[in-house]
$ cat data-v3.tsv   # TSV, N, CA and C atoms
chain	number	residue	atom	x	y	z
A	325	MET	N	244.91	202.16	327.30
A	325	MET	CA	244.10	201.21	327.98
A	325	MET	C	245.00	200.16	328.64
A	326	ARG	N	244.48	199.73	329.74
A	326	ARG	CA	245.24	198.71	330.45
A	326	ARG	C	244.93	197.34	329.88
A	327	PRO	N	245.85	196.41	330.05
A	327	PRO	CA	245.65	195.06	329.48
A	327	PRO	C	244.43	194.35	330.08
A	328	GLU	N	244.12	194.62	331.36
A	328	GLU	CA	242.95	193.97	331.95
A	328	GLU	C	241.66	194.44	331.27
A	329	MET	N	241.64	195.72	330.95
A	329	MET	CA	240.46	196.28	330.30
A	329	MET	C	240.33	195.72	328.89
A	330	LEU	N	241.43	195.56	328.17
A	330	LEU	CA	241.41	195.01	326.82
A	330	LEU	C	240.94	193.56	326.84
A	331	THR	N	241.35	192.81	327.84
A	331	THR	CA	240.93	191.41	327.98
A	331	THR	C	239.44	191.34	328.27
A	332	ALA	N	238.95	192.23	329.12
A	332	ALA	CA	237.52	192.23	329.46
A	332	ALA	C	236.68	192.60	328.24
A	333	LEU	N	237.14	193.58	327.46
A	333	LEU	CA	236.40	193.98	326.27
A	333	LEU	C	236.39	192.87	325.22
A	334	SER	N	237.52	192.19	325.04
A	334	SER	CA	237.56	191.10	324.06
A	334	SER	C	236.67	189.94	324.52
A	335	ALA	N	236.63	189.67	325.83
A	335	ALA	CA	235.75	188.62	326.35
A	335	ALA	C	234.28	189.01	326.13
A	336	LEU	N	233.97	190.29	326.30
A	336	LEU	CA	232.62	190.76	326.06
A	336	LEU	C	232.25	190.62	324.58
A	337	ALA	N	233.17	190.95	323.69
A	337	ALA	CA	232.92	190.82	322.25
A	337	ALA	C	232.70	189.36	321.88
A	338	VAL	N	233.51	188.45	322.42
A	338	VAL	CA	233.35	187.02	322.13
A	338	VAL	C	232.00	186.53	322.65
A	339	ALA	N	231.59	186.98	323.83
A	339	ALA	CA	230.31	186.58	324.38
A	339	ALA	C	229.16	187.09	323.51
A	340	GLY	N	229.27	188.32	323.01
A	340	GLY	CA	228.23	188.89	322.13
A	340	GLY	C	228.12	188.12	320.84
A	341	VAL	N	229.25	187.81	320.22
A	341	VAL	CA	229.23	187.04	318.96
A	341	VAL	C	228.66	185.66	319.21
A	342	THR	N	229.01	185.05	320.31
A	342	THR	CA	228.49	183.71	320.63
A	342	THR	C	226.98	183.76	320.83
A	343	ALA	N	226.49	184.81	321.52
A	343	ALA	CA	225.05	184.93	321.74
A	343	ALA	C	224.31	185.12	320.42
A	344	VAL	N	224.83	186.00	319.56
A	344	VAL	CA	224.20	186.22	318.25
A	344	VAL	C	224.22	184.94	317.43
A	345	GLY	N	225.32	184.23	317.46
A	345	GLY	CA	225.41	182.96	316.73
A	345	GLY	C	224.41	181.94	317.25
A	346	GLY	N	224.22	181.89	318.55
A	346	GLY	CA	223.24	180.97	319.13
A	346	GLY	C	221.82	181.31	318.71
A	347	ILE	N	221.52	182.60	318.70
A	347	ILE	CA	220.18	183.04	318.28
A	347	ILE	C	219.95	182.69	316.81
A	348	VAL	N	220.94	182.95	315.97
A	348	VAL	CA	220.81	182.63	314.55
A	348	VAL	C	220.62	181.14	314.36
A	349	GLN	N	221.33	180.34	315.11
A	349	GLN	CA	221.22	178.88	314.99
A	349	GLN	C	219.82	178.41	315.40
A	350	VAL	N	219.27	179.00	316.46
A	350	VAL	CA	217.93	178.62	316.90
A	350	VAL	C	216.90	179.00	315.84
A	351	VAL	N	217.03	180.20	315.27
A	351	VAL	CA	216.08	180.64	314.25
A	351	VAL	C	216.15	179.73	313.03
A	352	ILE	N	217.33	179.43	312.58
A	352	ILE	CA	217.48	178.55	311.41
A	352	ILE	C	216.98	177.15	311.74
A	353	GLY	N	217.25	176.68	312.92
A	353	GLY	CA	216.78	175.36	313.33
A	353	GLY	C	215.27	175.28	313.38
A	354	ARG	N	214.61	176.34	313.76
A	354	ARG	CA	213.15	176.35	313.82
A	354	ARG	C	212.53	176.45	312.43
A	355	ARG	N	213.22	177.12	311.54
A	355	ARG	CA	212.67	177.33	310.20
A	355	ARG	C	212.61	176.04	309.41
A	356	GLN	N	213.50	175.12	309.64
A	356	GLN	CA	213.52	173.92	308.83
A	356	GLN	C	213.56	172.66	309.69
A	357	PRO	N	212.51	172.43	310.49
A	357	PRO	CA	212.49	171.22	311.28
A	357	PRO	C	212.13	170.00	310.42
A	358	GLN	N	211.49	170.26	309.25
A	358	GLN	CA	211.07	169.19	308.36
A	358	GLN	C	211.71	169.41	307.00
A	359	PRO	N	211.79	168.38	306.23
A	359	PRO	CA	212.27	168.57	304.86
A	359	PRO	C	211.28	169.46	304.09
A	360	ARG	N	211.78	170.15	303.10
A	360	ARG	CA	210.95	171.11	302.36
A	360	ARG	C	209.75	170.42	301.70
A	361	GLY	N	209.92	169.22	301.23
A	361	GLY	CA	208.81	168.48	300.62
A	361	GLY	C	207.69	168.25	301.60
A	362	GLN	N	208.03	167.96	302.84
A	362	GLN	CA	207.00	167.75	303.87
A	362	GLN	C	206.25	169.05	304.14
A	363	GLN	N	206.94	170.16	304.15
A	363	GLN	CA	206.28	171.44	304.35
A	363	GLN	C	205.29	171.72	303.22
A	364	ARG	N	205.69	171.39	301.99
A	364	ARG	CA	204.79	171.60	300.86
A	364	ARG	C	203.54	170.74	300.99
A	365	ARG	N	203.72	169.49	301.43
A	365	ARG	CA	202.56	168.62	301.62
A	365	ARG	C	201.65	169.17	302.72
A	366	ASP	N	202.25	169.66	303.80
A	366	ASP	CA	201.46	170.24	304.88
A	366	ASP	C	200.71	171.48	304.40
A	367	ASP	N	201.39	172.33	303.61
A	367	ASP	CA	200.75	173.51	303.05
A	367	ASP	C	199.59	173.11	302.15
A	368	PHE	N	199.77	172.08	301.34
A	368	PHE	CA	198.74	171.63	300.43
A	368	PHE	C	197.51	171.14	301.20
A	369	THR	N	197.75	170.34	302.24
A	369	THR	CA	196.60	169.83	303.01
A	369	THR	C	195.88	170.97	303.73
A	370	THR	N	196.63	171.94	304.20
A	370	THR	CA	196.00	173.10	304.84
A	370	THR	C	195.14	173.87	303.84
A	371	ILE	N	195.67	174.09	302.66
A	371	ILE	CA	194.94	174.82	301.63
A	371	ILE	C	193.70	174.04	301.21
A	372	VAL	N	193.84	172.72	301.06
A	372	VAL	CA	192.69	171.90	300.67
A	372	VAL	C	191.59	171.96	301.74
A	373	LYS	N	191.98	171.90	303.02
A	373	LYS	CA	190.99	172.00	304.09
A	373	LYS	C	190.26	173.34	304.04
A	374	GLU	N	191.00	174.43	303.84
A	374	GLU	CA	190.39	175.75	303.77
A	374	GLU	C	189.47	175.86	302.55
A	375	LEU	N	189.89	175.31	301.41
A	375	LEU	CA	189.05	175.35	300.21
A	375	LEU	C	187.77	174.56	300.42
A	376	ARG	N	187.87	173.42	301.06
A	376	ARG	CA	186.66	172.63	301.32
A	376	ARG	C	185.72	173.37	302.26
A	377	GLN	N	186.28	174.03	303.26
A	377	GLN	CA	185.45	174.81	304.18
A	377	GLN	C	184.78	175.96	303.44
A	378	ASN	N	185.55	176.65	302.58
A	378	ASN	CA	184.98	177.75	301.80
A	378	ASN	C	183.90	177.24	300.86
A	379	GLN	N	184.12	176.07	300.27
A	379	GLN	CA	183.13	175.49	299.37
A	379	GLN	C	181.85	175.18	300.14
A	380	ALA	N	181.97	174.62	301.32
A	380	ALA	CA	180.79	174.32	302.13
A	380	ALA	C	180.06	175.61	302.50
A	381	ASP	N	180.81	176.65	302.85
A	381	ASP	CA	180.18	177.94	303.18
A	381	ASP	C	179.44	178.51	301.97
A	382	LEU	N	180.06	178.42	300.78
A	382	LEU	CA	179.43	178.93	299.58
A	382	LEU	C	178.16	178.14	299.24
A	383	LYS	N	178.20	176.82	299.43
A	383	LYS	CA	177.01	176.01	299.16
A	383	LYS	C	175.89	176.39	300.12
A	384	ALA	N	176.21	176.60	301.37
A	384	ALA	CA	175.20	177.00	302.35
A	384	ALA	C	174.61	178.37	301.98
A	385	GLU	N	175.47	179.29	301.59
A	385	GLU	CA	175.00	180.62	301.20
A	385	GLU	C	174.13	180.55	299.94
A	386	LEU	N	174.53	179.71	298.99
A	386	LEU	CA	173.75	179.55	297.76
A	386	LEU	C	172.37	178.97	298.06
A	387	SER	N	172.31	177.97	298.92
A	387	SER	CA	171.01	177.39	299.25
A	387	SER	C	170.12	178.40	299.98
A	388	ALA	N	170.73	179.24	300.84
A	388	ALA	CA	169.97	180.28	301.52
A	388	ALA	C	169.43	181.30	300.51
A	389	GLN	N	170.24	181.64	299.52
A	389	GLN	CA	169.80	182.58	298.50
A	389	GLN	C	168.69	181.98	297.64
A	390	LYS	N	168.78	180.68	297.35
A	390	LYS	CA	167.73	180.02	296.57
A	390	LYS	C	166.41	180.02	297.35
A	391	GLU	N	166.49	179.75	298.64
A	391	GLU	CA	165.28	179.78	299.47
A	391	GLU	C	164.68	181.19	299.51
A	392	GLN	N	165.53	182.19	299.66
A	392	GLN	CA	165.05	183.58	299.67
A	392	GLN	C	164.42	183.93	298.33
A	393	SER	N	165.03	183.49	297.24
A	393	SER	CA	164.49	183.75	295.91
A	393	SER	C	163.12	183.10	295.74
A	394	ALA	N	162.97	181.88	296.22
A	394	ALA	CA	161.67	181.20	296.12
A	394	ALA	C	160.62	181.95	296.93
A	395	ARG	N	160.97	182.39	298.13
A	395	ARG	CA	160.03	183.17	298.94
A	395	ARG	C	159.65	184.48	298.25
A	396	ASP	N	160.64	185.13	297.63
A	396	ASP	CA	160.36	186.38	296.92
A	396	ASP	C	159.44	186.15	295.73
A	397	ARG	N	159.66	185.06	294.99
A	397	ARG	CA	158.79	184.74	293.86
A	397	ARG	C	157.36	184.50	294.32
A	398	GLU	N	157.21	183.76	295.42
A	398	GLU	CA	155.87	183.51	295.95
A	398	GLU	C	155.19	184.82	296.37
A	399	ARG	N	155.95	185.69	297.02
A	399	ARG	CA	155.39	186.97	297.45
A	399	ARG	C	155.00	187.82	296.25
A	400	ILE	N	155.82	187.86	295.22
A	400	ILE	CA	155.52	188.66	294.03
A	400	ILE	C	154.29	188.09	293.32
A	401	THR	N	154.19	186.77	293.26
A	401	THR	CA	153.02	186.15	292.63
A	401	THR	C	151.75	186.51	293.39
A	402	ALA	N	151.82	186.48	294.71
A	402	ALA	CA	150.65	186.85	295.53
A	402	ALA	C	150.30	188.32	295.33
A	403	GLN	N	151.30	189.17	295.26
A	403	GLN	CA	151.05	190.60	295.03
A	403	GLN	C	150.44	190.83	293.65
A	404	ASP	N	150.93	190.11	292.65
A	404	ASP	CA	150.39	190.24	291.31
A	404	ASP	C	148.92	189.83	291.30
A	405	PHE	N	148.59	188.71	291.95
A	405	PHE	CA	147.20	188.25	292.02
A	405	PHE	C	146.34	189.30	292.72
A	406	THR	N	146.85	189.87	293.80
A	406	THR	CA	146.09	190.88	294.55
A	406	THR	C	145.83	192.11	293.69
A	407	ILE	N	146.83	192.57	292.98
A	407	ILE	CA	146.67	193.75	292.13
A	407	ILE	C	145.66	193.48	291.03
A	408	ARG	N	145.74	192.31	290.41
A	408	ARG	CA	144.78	191.97	289.35
A	408	ARG	C	143.36	191.89	289.93
A	409	TYR	N	143.22	191.32	291.10
A	409	TYR	CA	141.90	191.23	291.74
A	409	TYR	C	141.35	192.62	292.01
A	410	LEU	N	142.18	193.50	292.58
A	410	LEU	CA	141.71	194.86	292.88
A	410	LEU	C	141.36	195.63	291.61
A	411	ALA	N	142.14	195.44	290.54
A	411	ALA	CA	141.85	196.13	289.29
A	411	ALA	C	140.52	195.65	288.72
A	412	SER	N	140.27	194.35	288.75
A	412	SER	CA	138.99	193.84	288.22
A	412	SER	C	137.83	194.31	289.11
A	413	TRP	N	138.06	194.36	290.39
A	413	TRP	CA	137.02	194.83	291.31
A	413	TRP	C	136.69	196.30	291.03
A	414	ALA	N	137.74	197.10	290.81
A	414	ALA	CA	137.53	198.52	290.49
A	414	ALA	C	136.77	198.66	289.17
A	415	ARG	N	137.09	197.83	288.15
A	415	ARG	CA	136.38	197.88	286.88
A	415	ARG	C	134.90	197.52	287.08
A	416	SER	N	134.65	196.51	287.92
A	416	SER	CA	133.25	196.13	288.15
A	416	SER	C	132.50	197.23	288.89
A	417	LEU	N	133.15	197.91	289.81
A	417	LEU	CA	132.50	199.03	290.50
A	417	LEU	C	132.19	200.17	289.54
A	418	VAL	N	133.14	200.47	288.64
A	418	VAL	CA	132.92	201.53	287.66
A	418	VAL	C	131.76	201.13	286.74
A	419	GLY	N	131.73	199.86	286.32
A	419	GLY	CA	130.63	199.40	285.47
A	419	GLY	C	129.29	199.50	286.19
A	420	TYR	N	129.25	199.15	287.45
A	420	TYR	CA	128.01	199.24	288.23
A	420	TYR	C	127.55	200.69	288.34
A	421	MET	N	128.50	201.60	288.60
A	421	MET	CA	128.14	203.01	288.74
A	421	MET	C	127.60	203.55	287.42
A	422	ARG	N	128.17	203.14	286.30
A	422	ARG	CA	127.70	203.63	285.00
A	422	ARG	C	126.32	203.05	284.69
A	423	ARG	N	126.07	201.81	285.07
A	423	ARG	CA	124.74	201.23	284.86
A	423	ARG	C	123.69	201.99	285.67
A	424	GLN	N	124.09	202.50	286.83
A	424	GLN	CA	123.19	203.28	287.67
A	424	GLN	C	123.13	204.75	287.22
A	425	GLN	N	123.77	205.03	286.11
A	425	GLN	CA	123.85	206.36	285.52
A	425	GLN	C	124.53	207.36	286.47
A	426	LEU	N	125.55	206.87	287.14
A	426	LEU	CA	126.39	207.73	287.97
A	426	LEU	C	127.77	207.81	287.33
A	427	GLU	N	128.43	208.91	287.52
A	427	GLU	CA	129.77	209.06	286.95
A	427	GLU	C	130.79	208.70	288.03
A	428	PRO	N	131.67	207.73	287.74
A	428	PRO	CA	132.69	207.36	288.74
A	428	PRO	C	133.71	208.48	288.90
A	429	PRO	N	134.35	208.54	290.03
A	429	PRO	CA	135.38	209.58	290.22
A	429	PRO	C	136.56	209.33	289.28
A	430	PRO	N	137.20	210.40	288.85
A	430	PRO	CA	138.35	210.22	287.95
A	430	PRO	C	139.51	209.59	288.71
A	431	PRO	N	140.37	208.88	287.99
A	431	PRO	CA	141.55	208.33	288.65
A	431	PRO	C	142.47	209.45	289.10
A	432	PRO	N	143.31	209.17	290.08
A	432	PRO	CA	144.22	210.22	290.56
A	432	PRO	C	145.13	210.70	289.42
A	433	GLN	N	145.30	211.99	289.38
A	433	GLN	CA	146.12	212.57	288.31
A	433	GLN	C	147.35	213.20	288.92
A	434	PRO	N	148.44	213.19	288.34
A	434	PRO	CA	148.84	212.37	287.21
A	434	PRO	C	149.21	210.96	287.69
A	435	VAL	N	149.27	210.03	286.76
A	435	VAL	CA	149.66	208.66	287.09
A	435	VAL	C	151.17	208.66	287.34
A	436	PRO	N	151.62	208.12	288.47
A	436	PRO	CA	153.07	208.13	288.75
A	436	PRO	C	153.87	207.36	287.70
A	437	GLU	N	155.04	207.84	287.43
A	437	GLU	CA	155.91	207.21	286.42
A	437	GLU	C	156.26	205.76	286.79
A	438	GLU	N	156.36	205.48	288.09
A	438	GLU	CA	156.71	204.13	288.52
A	438	GLU	C	155.60	203.14	288.20
A	439	VAL	N	154.37	203.61	288.14
A	439	VAL	CA	153.20	202.75	287.94
A	439	VAL	C	152.91	202.55	286.45
A	440	ARG	N	153.19	203.53	285.65
A	440	ARG	CA	152.82	203.53	284.23
A	440	ARG	C	153.25	202.27	283.47
A	441	PRO	N	154.47	201.73	283.63
A	441	PRO	CA	154.83	200.54	282.86
A	441	PRO	C	154.01	199.30	283.23
A	442	TYR	N	153.37	199.29	284.38
A	442	TYR	CA	152.66	198.09	284.83
A	442	TYR	C	151.15	198.17	284.61
A	443	LEU	N	150.65	199.29	284.14
A	443	LEU	CA	149.21	199.43	283.95
A	443	LEU	C	148.70	198.47	282.89
A	444	HIS	N	149.45	198.25	281.82
A	444	HIS	CA	148.98	197.34	280.78
A	444	HIS	C	148.92	195.90	281.28
A	445	ASP	N	149.70	195.55	282.33
A	445	ASP	CA	149.67	194.19	282.87
A	445	ASP	C	148.34	193.89	283.55
A	446	VAL	N	147.69	194.91	284.10
A	446	VAL	CA	146.43	194.69	284.79
A	446	VAL	C	145.24	195.12	283.94
A	447	GLY	N	145.47	195.41	282.66
A	447	GLY	CA	144.38	195.74	281.74
A	447	GLY	C	143.88	197.15	281.86
A	448	MET	N	144.70	198.08	282.22
A	448	MET	CA	144.26	199.48	282.33
A	448	MET	C	145.03	200.33	281.35
$ encode --input "data-v3.tsv" --output "structure tokens"
Amino acid sequence: MRPEMLTALSALAVAGVTAVGGIVQVVIGRRQPQPRGQQRRDDFTTIVKELRQNQADLKAELSAQKEQSARDRERITAQDFTIRYLASWARSLVGYMRRQQLEPPPPPQPVPEEVRPYLHDVGM
């Protein structure tokens, strides 16, 4: 190799090392612009803000679930009243038919398994 070529290659190597060193210095400089204690305080405040937001979201979701539960209870109570009313009405119709010496139609057979546990609640 000629000396000019060796000089050019060494200049290129020095330029490459200088560029890599500059990049490393920039990265390190960006990583620690503040003292570590300040970063911890910033992290803590960020976490606290997120926790407060999550807590507010959970409270809103809980209140929505409570409202839904109250609506469901009201609906179930209304359905229970309706079923009891219909059962008593059916009993009165059967009683009327028997007083008229007519035989009421038999209930549907067989009674579904889903209904069986609730028959005693309506007096059947």
$ select_by_dssp --input "data-v3.tsv" --residues "chain A" --states "helix (DSSP H, G or I)" --output "ChimeraX atom specification"
/A:327-355,360-423,440-446
$ residues_around --input "data-v3.tsv" --residues "stretch 430-433 of chain A" --least-positions-apart "2" --cutoff "12 Å" --atoms "only C-alpha atoms" --output "list in words"
Ala414, Arg415, Val418, Glu427, Pro428, Val435, Pro436, Glu437, Val439, Arg440 and Met448 of chain A
$ axis_aligned_box --input "data-v3.tsv" --around "stretch 405-415 of chain A" --padding-each-side "4 Å" --output "AutoDock Vina command-line options"
--center_x 141.7 --center_y 193.5 --center_z 290.7 --size_x 21.7 --size_y 18.4 --size_z 15.7
$ atom_distance --input "data-v3.tsv" --atom1 "atom C of A:Asp396" --atom2 "atom CA of A:Tyr442"
17.5 Å
$ build_atoms --input "data-v3.tsv" --residues "stretch 362-387 of chain A" --atoms "N, CA, C and O atoms" --output "mmCIF file, in the frame of the given file"
data_model
loop_
_atom_site.group_PDB
_atom_site.id
_atom_site.type_symbol
_atom_site.label_atom_id
_atom_site.label_comp_id
_atom_site.auth_asym_id
_atom_site.auth_seq_id
_atom_site.Cartn_x
_atom_site.Cartn_y
_atom_site.Cartn_z
ATOM 1 N N GLN A 362 208.030 167.960 302.840
ATOM 2 C CA GLN A 362 207.000 167.750 303.870
ATOM 3 C C GLN A 362 206.250 169.050 304.140
ATOM 4 O O GLN A 362 205.044 169.034 304.320
ATOM 5 N N GLN A 363 206.940 170.160 304.150
ATOM 6 C CA GLN A 363 206.280 171.440 304.350
ATOM 7 C C GLN A 363 205.290 171.720 303.220
ATOM 8 O O GLN A 363 204.192 172.204 303.444
ATOM 9 N N ARG A 364 205.690 171.390 301.990
ATOM 10 C CA ARG A 364 204.790 171.600 300.860
ATOM 11 C C ARG A 364 203.540 170.740 300.990
ATOM 12 O O ARG A 364 202.436 171.183 300.700
ATOM 13 N N ARG A 365 203.720 169.490 301.430
ATOM 14 C CA ARG A 365 202.560 168.620 301.620
ATOM 15 C C ARG A 365 201.650 169.170 302.720
ATOM 16 O O ARG A 365 200.431 169.165 302.592
ATOM 17 N N ASP A 366 202.250 169.660 303.800
ATOM 18 C CA ASP A 366 201.460 170.240 304.880
ATOM 19 C C ASP A 366 200.710 171.480 304.400
ATOM 20 O O ASP A 366 199.547 171.693 304.729
ATOM 21 N N ASP A 367 201.390 172.330 303.610
ATOM 22 C CA ASP A 367 200.750 173.510 303.050
ATOM 23 C C ASP A 367 199.590 173.110 302.150
ATOM 24 O O ASP A 367 198.522 173.714 302.194
ATOM 25 N N PHE A 368 199.770 172.080 301.340
ATOM 26 C CA PHE A 368 198.740 171.630 300.430
ATOM 27 C C PHE A 368 197.510 171.140 301.200
ATOM 28 O O PHE A 368 196.383 171.491 300.874
ATOM 29 N N THR A 369 197.750 170.340 302.240
ATOM 30 C CA THR A 369 196.600 169.830 303.010
ATOM 31 C C THR A 369 195.880 170.970 303.730
ATOM 32 O O THR A 369 194.649 170.962 303.811
ATOM 33 N N THR A 370 196.630 171.940 304.200
ATOM 34 C CA THR A 370 196.000 173.100 304.840
ATOM 35 C C THR A 370 195.140 173.870 303.840
ATOM 36 O O THR A 370 194.002 174.243 304.138
ATOM 37 N N ILE A 371 195.670 174.090 302.660
ATOM 38 C CA ILE A 371 194.940 174.820 301.630
ATOM 39 C C ILE A 371 193.700 174.040 301.210
ATOM 40 O O ILE A 371 192.617 174.611 301.040
ATOM 41 N N VAL A 372 193.840 172.720 301.060
ATOM 42 C CA VAL A 372 192.690 171.900 300.670
ATOM 43 C C VAL A 372 191.590 171.960 301.740
ATOM 44 O O VAL A 372 190.407 172.082 301.421
ATOM 45 N N LYS A 373 191.980 171.900 303.020
ATOM 46 C CA LYS A 373 190.990 172.000 304.090
ATOM 47 C C LYS A 373 190.260 173.340 304.040
ATOM 48 O O LYS A 373 189.035 173.407 304.176
ATOM 49 N N GLU A 374 191.000 174.430 303.840
ATOM 50 C CA GLU A 374 190.390 175.750 303.770
ATOM 51 C C GLU A 374 189.470 175.860 302.550
ATOM 52 O O GLU A 374 188.375 176.433 302.647
ATOM 53 N N LEU A 375 189.890 175.310 301.410
ATOM 54 C CA LEU A 375 189.050 175.350 300.210
ATOM 55 C C LEU A 375 187.770 174.560 300.420
ATOM 56 O O LEU A 375 186.692 174.986 299.994
ATOM 57 N N ARG A 376 187.870 173.420 301.060
ATOM 58 C CA ARG A 376 186.660 172.630 301.320
ATOM 59 C C ARG A 376 185.720 173.370 302.260
ATOM 60 O O ARG A 376 184.498 173.339 302.088
ATOM 61 N N GLN A 377 186.280 174.030 303.260
ATOM 62 C CA GLN A 377 185.450 174.810 304.180
ATOM 63 C C GLN A 377 184.780 175.960 303.440
ATOM 64 O O GLN A 377 183.588 176.213 303.624
ATOM 65 N N ASN A 378 185.550 176.650 302.580
ATOM 66 C CA ASN A 378 184.980 177.750 301.800
ATOM 67 C C ASN A 378 183.900 177.240 300.860
ATOM 68 O O ASN A 378 182.870 177.905 300.663
ATOM 69 N N GLN A 379 184.120 176.070 300.270
ATOM 70 C CA GLN A 379 183.130 175.490 299.370
ATOM 71 C C GLN A 379 181.850 175.180 300.140
ATOM 72 O O GLN A 379 180.751 175.447 299.656
ATOM 73 N N ALA A 380 181.970 174.620 301.320
ATOM 74 C CA ALA A 380 180.790 174.320 302.130
ATOM 75 C C ALA A 380 180.060 175.610 302.500
ATOM 76 O O ALA A 380 178.824 175.665 302.452
ATOM 77 N N ASP A 381 180.810 176.650 302.850
ATOM 78 C CA ASP A 381 180.180 177.940 303.180
ATOM 79 C C ASP A 381 179.440 178.510 301.970
ATOM 80 O O ASP A 381 178.324 179.022 302.096
ATOM 81 N N LEU A 382 180.060 178.420 300.780
ATOM 82 C CA LEU A 382 179.430 178.930 299.580
ATOM 83 C C LEU A 382 178.160 178.140 299.240
ATOM 84 O O LEU A 382 177.159 178.715 298.811
ATOM 85 N N LYS A 383 178.200 176.820 299.430
ATOM 86 C CA LYS A 383 177.010 176.010 299.160
ATOM 87 C C LYS A 383 175.890 176.390 300.120
ATOM 88 O O LYS A 383 174.729 176.489 299.708
ATOM 89 N N ALA A 384 176.210 176.600 301.370
ATOM 90 C CA ALA A 384 175.200 177.000 302.350
ATOM 91 C C ALA A 384 174.610 178.370 301.980
ATOM 92 O O ALA A 384 173.394 178.575 302.050
ATOM 93 N N GLU A 385 175.470 179.290 301.590
ATOM 94 C CA GLU A 385 175.000 180.620 301.200
ATOM 95 C C GLU A 385 174.130 180.550 299.940
ATOM 96 O O GLU A 385 173.096 181.216 299.858
ATOM 97 N N LEU A 386 174.530 179.710 298.990
ATOM 98 C CA LEU A 386 173.750 179.550 297.760
ATOM 99 C C LEU A 386 172.370 178.970 298.060
ATOM 100 O O LEU A 386 171.359 179.437 297.525
ATOM 101 N N SER A 387 172.310 177.970 298.920
ATOM 102 C CA SER A 387 171.010 177.390 299.250
ATOM 103 C C SER A 387 170.120 178.400 299.980
ATOM 104 O O SER A 387 168.919 178.477 299.744
#
